[in-house]
$ cat structure-v9.txt   # compact mmCIF, C-alpha atoms
# COMPACT_ATOMS: atom_id res chain seq x y z
CA MET T 1 -24.33 1.99 -3.56
CA ASN T 2 -20.87 0.75 -4.48
CA ASN T 3 -18.23 2.79 -2.60
CA TRP T 4 -15.28 0.49 -3.26
CA THR T 5 -12.36 1.81 -5.31
CA ASP T 6 -9.45 -0.25 -6.68
CA ILE T 7 -6.42 1.71 -5.44
CA LEU T 8 -3.29 -0.41 -5.93
CA GLY T 9 -1.83 -3.90 -5.94
CA VAL T 10 -0.85 -5.68 -2.74
CA ASN T 11 2.70 -5.98 -4.10
CA ASP T 12 2.84 -2.19 -4.52
CA ILE T 13 3.00 -2.00 -0.71
CA PRO T 14 6.25 -3.29 0.79
CA PRO T 15 5.90 -5.89 3.55
CA LEU T 16 5.92 -4.05 6.91
CA GLY T 17 5.41 -0.80 5.02
CA ALA T 18 2.80 1.62 3.72
CA ARG T 19 1.70 3.64 0.73
CA VAL T 20 -0.30 6.87 0.82
CA VAL T 21 -3.45 7.34 -1.22
CA ARG T 22 -4.92 10.83 -1.55
CA HIS T 23 -8.69 11.27 -1.60
CA GLY T 24 -9.62 14.93 -1.94
CA SER T 25 -7.63 16.68 0.78
CA LEU T 26 -7.31 13.51 2.87
CA ASP T 27 -4.20 11.32 2.96
CA ILE T 28 -4.87 7.67 3.75
CA ALA T 29 -2.05 5.32 4.70
CA VAL T 30 -2.49 1.76 3.41
CA PHE T 31 -0.38 -0.68 5.46
CA ARG T 32 0.82 -4.22 4.78
CA THR T 33 1.86 -6.50 7.61
CA ASP T 34 4.41 -9.28 7.45
CA ASP T 35 1.45 -11.70 7.10
CA ASP T 36 0.13 -9.71 4.09
CA GLU T 37 -2.82 -8.27 6.00
CA ILE T 38 -3.89 -4.89 4.64
CA PHE T 39 -5.20 -1.99 6.74
CA ALA T 40 -6.00 1.66 6.02
CA LEU T 41 -5.89 4.61 8.43
CA GLU T 42 -5.89 8.35 8.00
CA ASP T 43 -2.21 9.26 7.66
CA ARG T 44 -2.27 11.30 10.85
CA CYS T 45 -1.16 10.21 14.31
CA PRO T 46 -3.75 11.07 16.99
CA HIS T 47 -1.02 12.66 19.11
CA LYS T 48 0.46 15.50 17.03
CA GLY T 49 -0.57 14.61 13.49
CA GLY T 50 2.63 12.84 12.47
CA PRO T 51 2.63 10.78 9.25
CA LEU T 52 1.80 7.21 10.29
CA SER T 53 2.78 6.03 6.80
CA GLN T 54 6.40 6.81 7.67
CA GLY T 55 6.27 4.80 10.89
CA ILE T 56 7.49 1.30 11.65
CA VAL T 57 4.96 -1.51 11.13
CA HIS T 58 5.30 -4.36 13.63
CA GLY T 59 2.72 -7.08 14.06
CA ARG T 60 -0.64 -5.33 13.68
CA ARG T 61 0.62 -1.95 14.89
CA VAL T 62 2.47 1.06 13.56
CA THR T 63 4.79 3.28 15.58
CA CYS T 64 4.56 6.98 14.75
CA PRO T 65 7.94 8.32 13.61
CA MET T 66 7.55 11.60 15.52
CA HIS T 67 7.00 10.64 19.16
CA GLY T 68 6.83 6.85 19.23
CA TRP T 69 3.10 6.39 19.80
CA ASN T 70 1.84 2.92 18.85
CA VAL T 71 -1.44 2.68 16.94
CA GLU T 72 -3.46 -0.49 16.27
CA LEU T 73 -3.81 -1.01 12.51
CA ASP T 74 -7.17 -2.80 12.76
CA SER T 75 -8.90 -0.06 14.80
CA GLY T 76 -6.81 3.11 14.68
CA GLN T 77 -6.71 3.12 18.50
CA ALA T 78 -3.60 4.37 20.27
CA VAL T 79 -2.05 1.74 22.54
CA ALA T 80 -2.35 2.44 26.29
CA PRO T 81 -1.30 4.45 28.15
CA ASP T 82 -1.76 6.81 25.19
CA LEU T 83 -5.26 7.92 24.23
CA GLY T 84 -6.64 8.77 20.80
CA CYS T 85 -7.38 7.23 17.45
CA ALA T 86 -6.78 7.58 13.76
CA ARG T 87 -9.73 7.30 11.40
CA GLU T 88 -9.87 3.81 9.89
CA PHE T 89 -11.10 2.85 6.42
CA PRO T 90 -12.55 -0.48 5.24
CA VAL T 91 -10.28 -2.42 2.89
CA ARG T 92 -10.60 -5.65 1.01
CA VAL T 93 -8.23 -7.62 -1.20
CA GLU T 94 -9.38 -9.32 -4.40
CA ASN T 95 -7.10 -11.00 -6.92
CA GLY T 96 -4.03 -9.25 -5.53
CA ARG T 97 -5.65 -5.80 -5.68
CA VAL T 98 -6.46 -3.56 -2.71
CA TRP T 99 -9.91 -1.96 -2.66
CA LEU T 100 -10.75 0.91 -0.33
CA ASP T 101 -14.12 2.28 0.79
CA PHE T 102 -13.47 6.02 1.07
CA ALA T 103 -17.02 6.69 2.29
CA GLY T 104 -16.77 4.08 5.05
CA GLY T 105 -14.12 5.78 7.14
CA VAL T 106 -14.79 5.44 10.86
CA GLN T 107 -13.63 7.65 13.69
CA ARG T 108 -14.33 5.63 16.81
CA SER T 109 -16.63 7.36 19.27
CA THR T 110 -14.91 5.58 22.15
CA CYS T 111 -11.73 7.47 21.50
CA SER T 112 -10.69 10.68 23.08
CA CYS T 113 -8.14 12.32 20.86
CA ARG T 114 -5.48 14.63 22.19
CA ALA T 115 -4.22 16.91 19.45
$ encode --input "structure-v9.txt" --output "C-alpha cells"
Amino acid sequence: MNNWTDILGVNDIPPLGARVVRHGSLDIAVFRTDDDEIFALEDRCPHKGGPLSQGIVHGRRVTCPMHGWNVELDSGQAVAPDLGCAREFPVRVENGRVWLDFAGGVQRSTCSCRA
C-alpha cells in the first residue's frame, strides 16, 4: 500500500527552519537542516508539549522554544540528560518535493516520556 503523500517543496522550508503540516488532528513539523536534510517529527516537545516547529534548528537537532530541550531530528529522542521522544515520521525527497508517510509514524519504545 502506498502511504506516501507529496506535502510541499524543499524550498518551501527555510534552511534551519520548519513548516507544519496538519494530518487530521495531528501537527507534524517538517524540518530542513543547513545541509538540506529533511526530517519530520510530531510538533510536540516530549517535555511539556511545546511547538518544536518554532524552535531553533542546529546541526541535526532542534531546541524547543519553551524550555530549551534539545531533540534529535533523525530519531525524535531528547538529548541527555533529558528523557523523552517526539514521534518521528518517514520522509523522502524526490525532484525537490518532500513526501511524508503519515501512517509510518514511530514512537520509539526505548523512550520514556515525561509530560
$ atom_distance --input "structure-v9.txt" --atom1 "atom CA of His23 of chain T" --atom2 "atom CA of Asn70 of chain T"
24.5 Å
$ residues_around --input "structure-v9.txt" --residues "segment 93-97 of chain T" --least-positions-apart "6" --cutoff "6 Å" --atoms "all atoms listed in the file" --output "short mmCIF file (atom, residue, chain, number, x, y, z; two decimals) with C-alpha atoms, keeping the file's coordinate frame"
data_model
loop_
_atom_site.label_atom_id
_atom_site.label_comp_id
_atom_site.auth_asym_id
_atom_site.auth_seq_id
_atom_site.Cartn_x
_atom_site.Cartn_y
_atom_site.Cartn_z
CA LEU T 8 -3.29 -0.41 -5.93
CA GLY T 9 -1.83 -3.90 -5.94
CA VAL T 10 -0.85 -5.68 -2.74
#
$ atom_distance --input "structure-v9.txt" --atom1 "atom CA of Lys48 of chain T" --atom2 "atom CA of Met66 of chain T"
8.2 Å
$ residues_around --input "structure-v9.txt" --residues "Arg44 of chain T" --least-positions-apart "3" --cutoff "12 Å" --atoms "all atoms listed in the file" --output "PyMOL selection string"
chain T and resi 20+26-29+40-41+47-55+62-66+69+71+76+78+84-88+113+115
$ closest_residue --input "structure-v9.txt" --among "T:Leu16, T:Asn11, T:Phe39, T:Gly68" --to "Val91 of chain T" --atoms "all atoms listed in the file"
T:Phe39
$ atom_distance --input "structure-v9.txt" --atom1 "atom CA of Pro46 of chain T" --atom2 "atom CA of Ser25 of chain T"
17.6 Å
$ residues_near_point --input "structure-v9.txt" --point "(-2.9, -3.9, 7.3)" --cutoff "10 Å" --atoms "only C-alpha atoms" --output "VMD selection string"
chain T and resid 15 to 18 29 to 41 57 59 to 62 72 to 74 91
$ closest_residue --input "structure-v9.txt" --among "T:Gly104, T:Trp99, T:Arg19, T:Gly24" --to "Asp6 of chain T" --atoms "all atoms listed in the file"
T:Trp99
$ closest_residue --input "structure-v9.txt" --among "T:Ile56, T:Asp12, T:Phe89, T:Ala103" --to "Ser75 of chain T" --atoms "all atoms listed in the file"
T:Phe89
$ closest_residue --input "structure-v9.txt" --among "T:Gly105, T:Pro14, T:Cys45, T:Val21" --to "Pro90 of chain T" --atoms "all atoms listed in the file"
T:Gly105
$ axis_aligned_box --input "structure-v9.txt" --around "segment 5-9 of chain T" --padding-each-side "8 Å" --output "AutoDock Vina command-line options"
--center_x -7.1 --center_y -1.0 --center_z -6.0 --size_x 26.5 --size_y 21.7 --size_z 17.4
$ decode --input "structure-v9.txt" --residues "segment 9-107 of chain T" --atoms "C-alpha atoms" --output "JSON list (two decimals), in the first residue's frame"
[["chain", "number", "residue", "atom", "x", "y", "z"],
["T", 9, "GLY", "CA", 8.66, 21.64, -1.89],
["T", 10, "VAL", "CA", 12.04, 21.58, -0.18],
["T", 11, "ASN", "CA", 12.37, 25.30, -0.91],
["T", 12, "ASP", "CA", 9.10, 25.94, 0.95],
["T", 13, "ILE", "CA", 11.03, 25.15, 4.15],
["T", 14, "PRO", "CA", 13.63, 27.76, 5.10],
["T", 15, "PRO", "CA", 17.13, 26.44, 5.78],
["T", 16, "LEU", "CA", 17.45, 25.80, 9.54],
["T", 17, "GLY", "CA", 13.68, 26.12, 9.81],
["T", 18, "ALA", "CA", 10.42, 24.20, 9.76],
["T", 19, "ARG", "CA", 6.92, 24.11, 8.34],
["T", 20, "VAL", "CA", 3.89, 22.50, 9.96],
["T", 21, "VAL", "CA", 1.69, 20.03, 8.12],
["T", 22, "ARG", "CA", -1.66, 19.06, 9.63],
["T", 23, "HIS", "CA", -2.90, 15.49, 9.27],
["T", 24, "GLY", "CA", -6.28, 15.06, 10.96],
["T", 25, "SER", "CA", -5.79, 16.47, 14.45],
["T", 26, "LEU", "CA", -2.02, 15.92, 14.37],
["T", 27, "ASP", "CA", 0.52, 18.66, 13.65],
["T", 28, "ILE", "CA", 3.76, 17.43, 12.09],
["T", 29, "ALA", "CA", 6.83, 19.67, 11.94],
["T", 30, "VAL", "CA", 8.92, 19.20, 8.79],
["T", 31, "PHE", "CA", 12.48, 20.45, 9.35],
["T", 32, "ARG", "CA", 15.27, 21.42, 6.96],
["T", 33, "THR", "CA", 18.89, 21.46, 8.08],
["T", 34, "ASP", "CA", 21.64, 23.67, 6.74],
["T", 35, "ASP", "CA", 22.74, 20.66, 4.63],
["T", 36, "ASP", "CA", 19.21, 20.37, 3.14],
["T", 37, "GLU", "CA", 18.39, 17.19, 5.07],
["T", 38, "ILE", "CA", 14.66, 16.86, 5.75],
["T", 39, "PHE", "CA", 13.13, 15.36, 8.90],
["T", 40, "ALA", "CA", 9.60, 15.15, 10.30],
["T", 41, "LEU", "CA", 8.52, 14.95, 13.95],
["T", 42, "GLU", "CA", 5.26, 15.45, 15.75],
["T", 43, "ASP", "CA", 5.18, 19.16, 16.55],
["T", 44, "ARG", "CA", 5.21, 18.50, 20.28],
["T", 45, "CYS", "CA", 8.21, 18.58, 22.61],
["T", 46, "PRO", "CA", 8.35, 15.50, 24.87],
["T", 47, "HIS", "CA", 8.82, 17.75, 27.90],
["T", 48, "LYS", "CA", 5.75, 19.98, 28.08],
["T", 49, "GLY", "CA", 4.33, 19.81, 24.56],
["T", 50, "GLY", "CA", 5.96, 22.96, 23.21],
["T", 51, "PRO", "CA", 5.90, 23.57, 19.44],
["T", 52, "LEU", "CA", 9.16, 22.13, 18.10],
["T", 53, "SER", "CA", 8.48, 23.85, 14.76],
["T", 54, "GLN", "CA", 9.14, 27.19, 16.46],
["T", 55, "GLY", "CA", 12.47, 26.03, 17.87],
["T", 56, "ILE", "CA", 16.00, 26.65, 16.67],
["T", 57, "VAL", "CA", 17.42, 24.07, 14.25],
["T", 58, "HIS", "CA", 21.16, 23.46, 14.67],
["T", 59, "GLY", "CA", 23.02, 20.59, 13.07],
["T", 60, "ARG", "CA", 20.61, 17.63, 13.26],
["T", 61, "ARG", "CA", 18.81, 18.88, 16.37],
["T", 62, "VAL", "CA", 16.07, 21.31, 17.30],
["T", 63, "THR", "CA", 15.88, 23.26, 20.56],
["T", 64, "CYS", "CA", 12.38, 23.63, 21.97],
["T", 65, "PRO", "CA", 11.45, 27.31, 22.34],
["T", 66, "MET", "CA", 9.72, 26.79, 25.70],
["T", 67, "HIS", "CA", 12.32, 25.23, 27.99],
["T", 68, "GLY", "CA", 15.41, 24.66, 25.85],
["T", 69, "TRP", "CA", 15.24, 20.88, 25.48],
["T", 70, "ASN", "CA", 17.25, 19.56, 22.53],
["T", 71, "VAL", "CA", 15.67, 16.86, 20.36],
["T", 72, "GLU", "CA", 17.42, 14.76, 17.70],
["T", 73, "LEU", "CA", 15.75, 15.33, 14.32],
["T", 74, "ASP", "CA", 16.57, 11.86, 12.99],
["T", 75, "SER", "CA", 15.04, 9.95, 15.93],
["T", 76, "GLY", "CA", 12.88, 12.32, 17.97],
["T", 77, "GLN", "CA", 14.94, 11.45, 21.08],
["T", 78, "ALA", "CA", 15.59, 14.12, 23.69],
["T", 79, "VAL", "CA", 19.30, 14.75, 24.23],
["T", 80, "ALA", "CA", 20.67, 13.58, 27.61],
["T", 81, "PRO", "CA", 20.27, 14.33, 30.42],
["T", 82, "ASP", "CA", 16.67, 14.88, 29.32],
["T", 83, "LEU", "CA", 14.45, 11.87, 28.66],
["T", 84, "GLY", "CA", 11.61, 11.50, 26.17],
["T", 85, "CYS", "CA", 10.90, 11.49, 22.48],
["T", 86, "ALA", "CA", 8.76, 13.05, 19.80],
["T", 87, "ARG", "CA", 7.05, 10.77, 17.29],
["T", 88, "GLU", "CA", 9.04, 10.66, 14.06],
["T", 89, "PHE", "CA", 7.68, 10.27, 10.53],
["T", 90, "PRO", "CA", 9.42, 8.83, 7.45],
["T", 91, "VAL", "CA", 10.26, 11.41, 4.79],
["T", 92, "ARG", "CA", 11.80, 11.25, 1.37],
["T", 93, "VAL", "CA", 12.75, 13.89, -1.18],
["T", 94, "GLU", "CA", 12.16, 13.42, -4.91],
["T", 95, "ASN", "CA", 12.69, 16.08, -7.55],
["T", 96, "GLY", "CA", 12.73, 18.86, -4.96],
["T", 97, "ARG", "CA", 9.47, 17.69, -3.35],
["T", 98, "VAL", "CA", 9.06, 16.39, 0.20],
["T", 99, "TRP", "CA", 6.99, 13.23, 0.64],
["T", 100, "LEU", "CA", 5.71, 12.12, 4.04],
["T", 101, "ASP", "CA", 4.43, 8.74, 5.21],
["T", 102, "PHE", "CA", 1.69, 9.68, 7.68],
["T", 103, "ALA", "CA", 0.99, 6.02, 8.51],
["T", 104, "GLY", "CA", 4.65, 5.29, 9.27],
["T", 105, "GLY", "CA", 5.00, 7.49, 12.33],
["T", 106, "VAL", "CA", 7.11, 5.85, 15.02],
["T", 107, "GLN", "CA", 7.10, 6.48, 18.75]]
